[in-house]
$ cat structure_13.txt   # compact mmCIF, C-alpha atoms
# COMPACT_ATOMS: atom_id res chain seq x y z
CA MET A 621 89.21 95.60 135.30
CA ARG A 622 86.83 94.63 132.50
CA SER A 623 83.68 92.59 132.23
CA GLY A 624 82.25 90.97 129.15
CA TYR A 625 78.74 91.19 127.78
CA SER A 626 76.61 88.95 125.60
CA LEU A 627 74.76 89.66 122.39
CA ILE A 628 71.07 90.57 122.70
CA ASN A 629 68.95 89.24 119.83
CA HIS A 630 72.10 89.29 117.67
CA ARG A 631 72.02 93.09 117.49
CA PRO A 632 75.36 94.51 116.33
CA SER A 633 77.28 97.29 118.11
CA ALA A 634 78.34 99.09 114.94
CA VAL A 635 76.90 100.93 111.94
CA PRO A 636 78.10 101.70 108.40
CA LEU A 637 79.32 105.22 107.65
CA TYR A 638 78.91 107.00 104.32
CA ARG A 639 80.31 110.28 103.03
CA ASP A 640 78.10 112.72 101.18
CA LEU A 641 79.49 113.31 97.70
CA GLY A 642 76.74 115.73 96.74
CA ASP A 643 74.82 113.49 94.35
CA ALA A 644 75.80 110.15 95.90
CA LEU A 645 76.90 108.44 99.10
CA ASP A 646 80.22 106.60 99.37
CA SER A 647 81.12 104.02 102.03
CA VAL A 648 83.98 105.29 104.22
CA GLY A 649 84.05 103.11 107.32
CA THR A 650 82.33 101.71 110.38
CA GLY A 651 81.13 103.46 113.52
CA THR A 652 81.39 101.63 116.86
CA LEU A 653 78.66 102.34 119.40
CA ILE A 654 79.58 102.57 123.08
CA GLN A 655 78.29 103.83 126.42
CA TYR A 656 80.65 105.98 128.46
CA GLN A 657 80.04 108.21 131.48
CA ASP A 658 76.30 107.46 131.11
CA GLU A 659 76.31 108.88 127.57
CA HIS A 660 75.96 107.23 124.17
CA LEU A 661 78.88 107.74 121.79
CA MET A 662 79.93 106.73 118.31
CA ILE A 663 83.67 106.22 117.84
CA SER A 664 85.61 105.51 114.68
CA CYS A 665 88.77 106.46 112.82
CA ALA A 666 89.50 110.14 112.36
CA HIS A 667 90.08 109.58 108.65
CA CYS A 668 86.44 108.43 108.29
CA PHE A 669 85.16 111.74 109.66
CA ASP A 670 87.84 114.17 108.59
CA LYS A 671 87.84 115.03 104.89
CA GLU A 672 90.09 118.08 104.58
CA GLY A 673 88.71 119.36 107.88
CA ALA A 674 85.05 118.82 106.98
CA HIS A 675 82.79 116.39 108.83
CA ASN A 676 79.86 115.34 106.69
CA LEU A 677 78.61 111.78 107.21
CA PHE A 678 75.50 109.69 106.85
CA VAL A 679 75.00 106.96 109.46
CA GLY A 680 73.20 103.75 108.53
CA GLY A 681 70.84 103.47 111.48
CA ASN A 682 67.27 102.19 111.54
CA GLN A 683 66.58 105.43 109.68
CA VAL A 684 69.61 106.93 107.99
CA PHE A 685 70.68 110.21 109.59
CA HIS A 686 73.17 112.93 108.86
CA ILE A 687 76.06 114.19 111.04
CA ASP A 688 77.54 117.49 109.93
CA ARG A 689 78.26 119.01 113.32
CA SER A 690 81.60 119.26 115.10
CA VAL A 691 83.37 115.95 115.75
CA LEU A 692 86.40 115.51 118.00
CA THR A 693 89.38 113.97 116.21
CA THR A 694 93.01 113.40 117.13
CA GLN A 695 95.29 116.29 116.26
CA LEU A 696 97.88 115.58 113.63
CA PRO A 697 101.60 116.02 114.32
CA PRO A 698 103.28 118.70 112.16
CA GLY A 699 103.75 117.54 108.58
CA VAL A 700 101.55 114.41 109.01
CA ASP A 701 98.32 113.77 107.10
CA ARG A 702 95.37 111.60 108.12
CA VAL A 703 96.72 108.64 106.15
CA ASN A 704 99.71 108.53 108.49
CA ASP A 705 97.91 109.57 111.68
CA PRO A 706 99.53 107.45 114.46
CA VAL A 707 96.34 107.39 116.57
CA ASP A 708 93.53 108.04 114.06
CA PHE A 709 90.60 108.34 116.48
CA ALA A 710 87.35 110.28 116.47
CA VAL A 711 84.28 110.48 118.70
CA VAL A 712 80.89 112.14 118.57
CA LEU A 713 78.29 112.37 121.33
CA LEU A 714 74.96 111.12 120.00
CA GLN A 715 71.79 113.02 120.65
CA PRO A 716 68.63 111.43 122.13
CA ASN A 717 66.82 111.10 118.79
CA GLU A 718 69.89 109.45 117.25
CA VAL A 719 70.23 107.04 120.19
CA ALA A 720 66.56 106.05 119.86
CA ASN A 721 67.06 105.55 116.12
CA LEU A 722 70.10 103.32 116.58
CA SER A 723 68.73 101.38 119.56
CA ALA A 724 66.00 99.91 117.36
CA ARG A 725 68.57 97.65 115.67
CA THR A 726 71.86 97.96 117.54
CA LEU A 727 73.32 97.43 120.99
CA PHE A 728 75.63 99.97 122.62
CA ILE A 729 78.70 98.36 124.19
CA PRO A 730 78.50 98.91 127.97
CA GLU A 731 81.33 100.87 129.57
CA GLY A 732 82.30 97.94 131.78
CA ALA A 733 83.09 95.85 128.68
CA ILE A 734 85.56 98.39 127.27
CA GLU A 735 89.01 97.11 128.15
CA GLY A 736 91.51 99.14 130.12
CA PRO A 737 95.28 98.55 130.37
CA MET A 738 96.23 94.87 130.26
CA ALA A 739 99.53 93.36 131.34
CA GLU A 740 99.12 90.59 128.78
CA ASP A 741 96.52 89.28 126.37
CA LEU A 742 95.11 86.34 128.29
CA SER A 743 92.80 85.44 125.41
CA ASP A 744 93.93 85.28 121.81
CA ASP A 745 90.45 84.88 120.31
CA PHE A 746 89.37 88.07 118.55
CA GLY A 747 86.65 89.03 116.12
CA VAL A 748 86.80 92.02 113.76
CA PHE A 749 83.41 93.47 112.81
CA GLY A 750 82.57 95.98 110.11
CA PHE A 751 80.90 96.92 106.85
CA LEU A 752 82.94 96.26 103.72
CA GLY A 753 82.54 99.13 101.29
CA HIS A 754 81.99 97.02 98.19
CA HIS A 755 79.16 95.14 99.94
CA ASN A 756 77.41 98.29 101.15
CA GLU A 757 76.15 100.48 98.36
CA VAL A 758 73.31 102.95 98.01
CA ASP A 759 70.45 101.96 95.73
CA THR A 760 69.24 105.37 94.58
CA VAL A 761 66.43 103.83 92.50
CA ASN A 762 64.76 102.03 95.41
CA GLY A 763 65.99 104.47 98.05
CA THR A 764 67.78 101.88 100.17
CA LEU A 765 71.16 101.85 101.85
CA GLU A 766 72.59 98.38 102.43
CA ALA A 767 74.04 97.39 105.80
CA ASN A 768 75.78 94.09 105.13
CA ALA A 769 77.95 93.33 108.15
CA VAL A 770 80.76 90.82 108.39
CA GLU A 771 82.76 89.54 111.34
CA PHE A 772 85.84 87.42 110.92
CA PRO A 773 88.04 85.67 113.50
CA ALA A 774 91.60 86.85 114.09
CA LYS A 775 94.63 86.04 116.21
CA LYS A 776 97.23 88.40 117.60
CA THR A 777 100.59 88.47 115.84
CA HIS A 778 103.76 89.09 117.82
CA LYS A 779 106.03 89.65 114.81
CA PHE A 780 104.49 92.77 113.28
CA GLN A 781 106.33 96.03 113.93
CA THR A 782 106.31 99.52 112.49
CA ARG A 783 107.87 102.74 113.73
CA GLN A 784 104.66 103.65 115.54
CA THR A 785 104.19 100.27 117.21
CA ARG A 786 107.82 100.21 118.33
CA ALA A 787 107.44 103.69 119.80
CA HIS A 788 104.19 102.85 121.64
CA PRO A 789 103.77 99.06 121.80
CA THR A 790 100.95 99.18 124.38
CA TRP A 791 98.78 101.36 122.16
CA TYR A 792 98.20 98.87 119.37
CA LEU A 793 96.74 95.43 118.74
CA PRO A 794 98.19 93.79 115.57
CA LEU A 795 96.06 90.94 114.23
CA MET A 796 96.89 88.38 111.57
CA PHE A 797 94.64 88.72 108.53
CA GLU A 798 94.57 85.66 106.27
CA PRO A 799 91.81 86.04 103.64
CA GLY A 800 92.19 82.46 102.39
CA GLU A 801 91.49 80.99 105.80
CA ILE A 802 88.83 83.48 106.81
CA LYS A 803 86.87 83.05 103.57
CA LYS A 804 86.17 79.42 104.48
CA SER A 805 83.85 80.58 107.26
CA LEU A 806 82.00 83.22 105.21
CA PRO A 807 79.33 83.06 102.49
CA PRO A 808 80.83 82.72 98.99
CA ASN A 809 79.65 86.19 97.93
CA PHE A 810 81.79 87.98 100.54
CA ASP A 811 85.06 89.22 99.05
CA ILE A 812 87.33 90.16 101.96
CA ARG A 813 90.50 90.83 100.00
CA ARG A 814 89.61 94.53 99.98
CA LEU A 815 89.01 95.87 103.49
CA GLY A 816 87.76 99.36 102.67
CA GLY A 817 84.88 100.17 105.02
CA MET A 818 86.22 98.20 108.01
CA SER A 819 88.04 101.24 109.45
CA GLY A 820 86.68 102.13 112.87
CA GLY A 821 84.97 98.79 113.35
CA PRO A 822 85.08 97.09 116.76
CA ILE A 823 87.63 94.42 117.64
CA PHE A 824 86.07 92.03 120.14
CA ARG A 825 87.89 89.70 122.49
CA TYR A 826 86.01 86.48 123.26
CA SER A 827 86.32 84.77 126.62
CA ASN A 828 85.99 81.08 127.35
CA ASP A 829 82.54 81.64 128.87
CA GLY A 830 81.17 83.12 125.64
CA LEU A 831 81.23 86.77 126.67
CA ARG A 832 82.98 89.47 124.69
CA SER A 833 84.72 92.75 125.45
CA LEU A 834 85.87 95.64 123.28
CA ALA A 835 89.61 95.27 122.74
CA GLY A 836 89.92 98.16 120.27
CA ILE A 837 88.94 99.46 116.84
CA ALA A 838 90.49 98.69 113.45
CA ILE A 839 92.59 101.57 112.11
CA GLU A 840 94.98 100.22 109.45
CA HIS A 841 95.34 97.38 106.96
CA HIS A 842 98.87 96.34 105.99
CA PRO A 843 98.48 94.23 102.81
CA SER A 844 102.04 94.34 101.51
CA ARG A 845 103.57 92.01 104.07
CA LYS A 846 103.90 88.26 103.62
CA ARG A 847 101.25 87.70 106.27
CA GLN A 848 98.72 90.52 106.11
CA VAL A 849 98.01 92.43 109.30
CA LEU A 850 95.05 94.44 110.54
CA LEU A 851 96.20 96.97 113.13
CA GLY A 852 93.91 97.97 115.97
CA LEU A 853 93.97 100.90 118.36
CA ARG A 854 93.57 99.42 121.84
CA SER A 855 90.65 100.30 124.07
CA CYS A 856 92.97 101.51 126.84
CA VAL A 857 94.06 104.35 124.52
CA ILE A 858 90.43 105.05 123.63
CA ARG A 859 89.51 105.25 127.32
CA ASN A 860 92.35 107.68 127.99
CA LEU A 861 91.30 109.91 125.11
CA LEU A 862 87.65 109.91 126.14
CA THR A 863 88.54 110.86 129.71
CA ARG A 864 90.88 113.63 128.57
CA TRP A 865 88.38 114.99 126.04
CA TRP A 866 85.26 114.59 128.17
CA PRO A 867 84.37 118.29 128.66
CA LYS A 868 84.80 118.93 124.94
CA ILE A 869 82.76 115.87 123.95
CA GLY A 870 79.66 117.36 125.56
CA GLN A 871 80.25 120.70 123.89
CA SER A 872 80.52 119.06 120.46
CA ALA A 873 76.80 118.20 120.49
CA SER A 874 75.61 121.78 120.99
CA SER A 875 73.98 121.89 117.55
CA ASN A 876 71.02 119.77 116.53
CA ALA A 877 71.54 116.73 114.32
CA SER A 878 70.71 117.24 110.69
CA THR A 879 68.17 115.01 109.01
CA LEU A 880 68.03 113.79 105.44
CA PRO A 881 67.30 116.44 102.81
CA GLN A 882 63.60 117.18 102.32
CA GLY A 883 61.99 114.71 99.97
CA SER A 884 64.67 112.02 100.30
CA ASN A 885 63.58 108.52 101.24
CA ILE A 886 66.68 106.54 102.08
CA HIS A 887 66.37 103.76 104.65
CA SER A 888 68.76 100.99 105.57
CA THR A 889 68.39 97.26 105.02
CA SER A 890 70.58 95.05 107.17
CA SER A 891 72.06 91.57 106.94
CA SER A 892 75.15 89.91 108.35
CA ALA A 893 77.61 87.14 107.69
$ encode --input "structure_13.txt" --output "structure tokens"
Amino acid sequence: MRSGYSLINHRPSAVPLYRDLGDALDSVGTGTLIQYQDEHLMISCAHCFDKEGAHNLFVGGNQVFHIDRSVLTTQLPPGVDRVNDPVDFAVVLLQPNEVANLSARTLFIPEGAIEGPMAEDLSDDFGVFGFLGHHNEVDTVNGTLEANAVEFPAKKTHKFQTRQTRAHPTWYLPLMFEPGEIKKSLPPNFDIRRLGGMSGGPIFRYSNDGLRSLAGIAIEHHPSRKRQVLLGLRSCVIRNLLTRWWPKIGQSASSNASTLPQGSNIHSTSSSA
């Protein structure tokens, strides 16, 4: 059973993620904000967090903050790297100061709006939300981190198949991605041919009464096919993982969140399309 929710003051339920390169920040994906078991979590793709086993991210909240503590990610099968991770999921329990920071500009998706198992997709109206990497750069001169969000409509495709979707068809949500059509509904400055930065972003299902629910998160872009496809990991899989990992999720927040290095003055500026 699922229930939808409505937007509050147009606040998004996601944030841009950046990796610390030492002397610069690089856009790596999108974090989706949810409530689960009365806690506040950020979920995304494992490949956004996991860089050769190291977790070192900046989160574009109201005030940018640093996550370098333990993060739970899916374990890789033998001989498989993150690029070919069949599940590609990660979660971190947010601490009270981080929740307060994010709540100033964002809305956490309520647990009741996170979809469980569905016999069929009754609605085919989806929206994919995220922060394109080439539209979210750090201005080191002015000390600002851009948070330019984009959401584009998508429809489910029934023709897309890979080895992983054939093996576990109920785990995935394949969506048609047609840049030419989508671009018509976006500002002219948004180039959506390159989808770097959308990984981990929420996939919303829209109901006829205007409510939305979380159908999954974006994990893969398949650009080589005749009709491009954006592959999502369904929320029913996410729910199962969260339930199975729950004791460990609490343990992962045992250390305090790091803040920006002393003397830095990076803050985020947000806009959306």
$ atom_distance --input "structure_13.txt" --atom1 "CA of Leu696 (chain A)" --atom2 "CA of Pro867 (chain A)"
20.4 Å
$ atom_distance --input "structure_13.txt" --atom1 "CA of Trp791 (chain A)" --atom2 "CA of Gly836 (chain A)"
9.6 Å
$ closest_atom_pairs --input "structure_13.txt" --of "region 651-706 of chain A" --to "region 849-866 of chain A" --cutoff "10 Å" --atoms "only C-alpha atoms" --output "Markdown table"
| residue | atom | partner | partner_atom | distance |
| --- | --- | --- | --- | --- |
| A:Tyr656 | CA | A:Leu862 | CA | 8.4 |
| A:Gln657 | CA | A:Trp866 | CA | 8.9 |
| A:Ile663 | CA | A:Ile858 | CA | 9.0 |
| A:Cys665 | CA | A:Leu853 | CA | 9.4 |
| A:Leu692 | CA | A:Trp865 | CA | 8.3 |
| A:Thr693 | CA | A:Trp865 | CA | 9.9 |
| A:Thr694 | CA | A:Leu861 | CA | 8.9 |
| A:Pro706 | CA | A:Leu853 | CA | 9.4 |
$ atom_distance --input "structure_13.txt" --atom1 "CA of Gly680 (chain A)" --atom2 "CA of Leu793 (chain A)"
27.0 Å
$ closest_residue --input "structure_13.txt" --among "A:Cys668, A:Leu713, A:Val770, A:Leu661" --to "Gly750 (chain A)" --atoms "all atoms listed in the file"
A:Val770
$ residues_around --input "structure_13.txt" --residues "Ala739 (chain A)" --least-positions-apart "3" --cutoff "10 Å" --atoms "only C-alpha atoms" --output "number ranges by chain"
A: 736, 742, 790
$ write_last_selection --input "structure_13.txt" --atoms "C-alpha atoms" --output "PDB file, in the coordinates of the input"
ATOM      1  CA  GLY A 736      91.510  99.140 130.120  1.00  0.00           C
ATOM      2  CA  LEU A 742      95.110  86.340 128.290  1.00  0.00           C
ATOM      3  CA  THR A 790     100.950  99.180 124.380  1.00  0.00           C
TER       4      THR A 790
END
$ closest_residue --input "structure_13.txt" --among "A:Val719, A:Ala644, A:Ala710, A:Ala835" --to "Phe685 (chain A)" --atoms "only C-alpha atoms"
A:Val719
$ residues_around --input "structure_13.txt" --residues "Gly753 (chain A)" --least-positions-apart "4" --cutoff "9 Å" --atoms "all atoms listed in the file" --output "list in words"
Pro636, Asp646, Ser647, Val648, Gly649, Glu757, Arg814, Leu815, Gly816, Gly817 and Met818 of chain A
$ write_last_selection --input "structure_13.txt" --atoms "C-alpha atoms" --output "PDB file, in the coordinates of the input"
ATOM      1  CA  PRO A 636      78.100 101.700 108.400  1.00  0.00           C
ATOM      2  CA  ASP A 646      80.220 106.600  99.370  1.00  0.00           C
ATOM      3  CA  SER A 647      81.120 104.020 102.030  1.00  0.00           C
ATOM      4  CA  VAL A 648      83.980 105.290 104.220  1.00  0.00           C
ATOM      5  CA  GLY A 649      84.050 103.110 107.320  1.00  0.00           C
ATOM      6  CA  GLU A 757      76.150 100.480  98.360  1.00  0.00           C
ATOM      7  CA  ARG A 814      89.610  94.530  99.980  1.00  0.00           C
ATOM      8  CA  LEU A 815      89.010  95.870 103.490  1.00  0.00           C
ATOM      9  CA  GLY A 816      87.760  99.360 102.670  1.00  0.00           C
ATOM     10  CA  GLY A 817      84.880 100.170 105.020  1.00  0.00           C
ATOM     11  CA  MET A 818      86.220  98.200 108.010  1.00  0.00           C
TER      12      MET A 818
END
$ residues_around --input "structure_13.txt" --residues "Asp640 (chain A)" --least-positions-apart "2" --cutoff "8 Å" --atoms "only C-alpha atoms" --output "NGL selection string"
:A and (638 or 642-646 or 676-678)
$ write_last_selection --input "structure_13.txt" --atoms "C-alpha atoms" --output "CSV table (one decimal), keeping the file's coordinate frame"
chain,number,residue,atom,x,y,z
A,638,TYR,CA,78.9,107.0,104.3
A,642,GLY,CA,76.7,115.7,96.7
A,643,ASP,CA,74.8,113.5,94.4
A,644,ALA,CA,75.8,110.2,95.9
A,645,LEU,CA,76.9,108.4,99.1
A,646,ASP,CA,80.2,106.6,99.4
A,676,ASN,CA,79.9,115.3,106.7
A,677,LEU,CA,78.6,111.8,107.2
A,678,PHE,CA,75.5,109.7,106.8
$ residues_near_point --input "structure_13.txt" --point "(94.3, 88.3, 121.0)" --cutoff "7 Å" --atoms "all atoms listed in the file" --output "ChimeraX atom specification"
/A:741,743-746,775-776,825
$ closest_residue --input "structure_13.txt" --among "A:Phe669, A:Ala724, A:Arg847, A:Ile839" --to "His778 (chain A)" --atoms "only C-alpha atoms"
A:Arg847
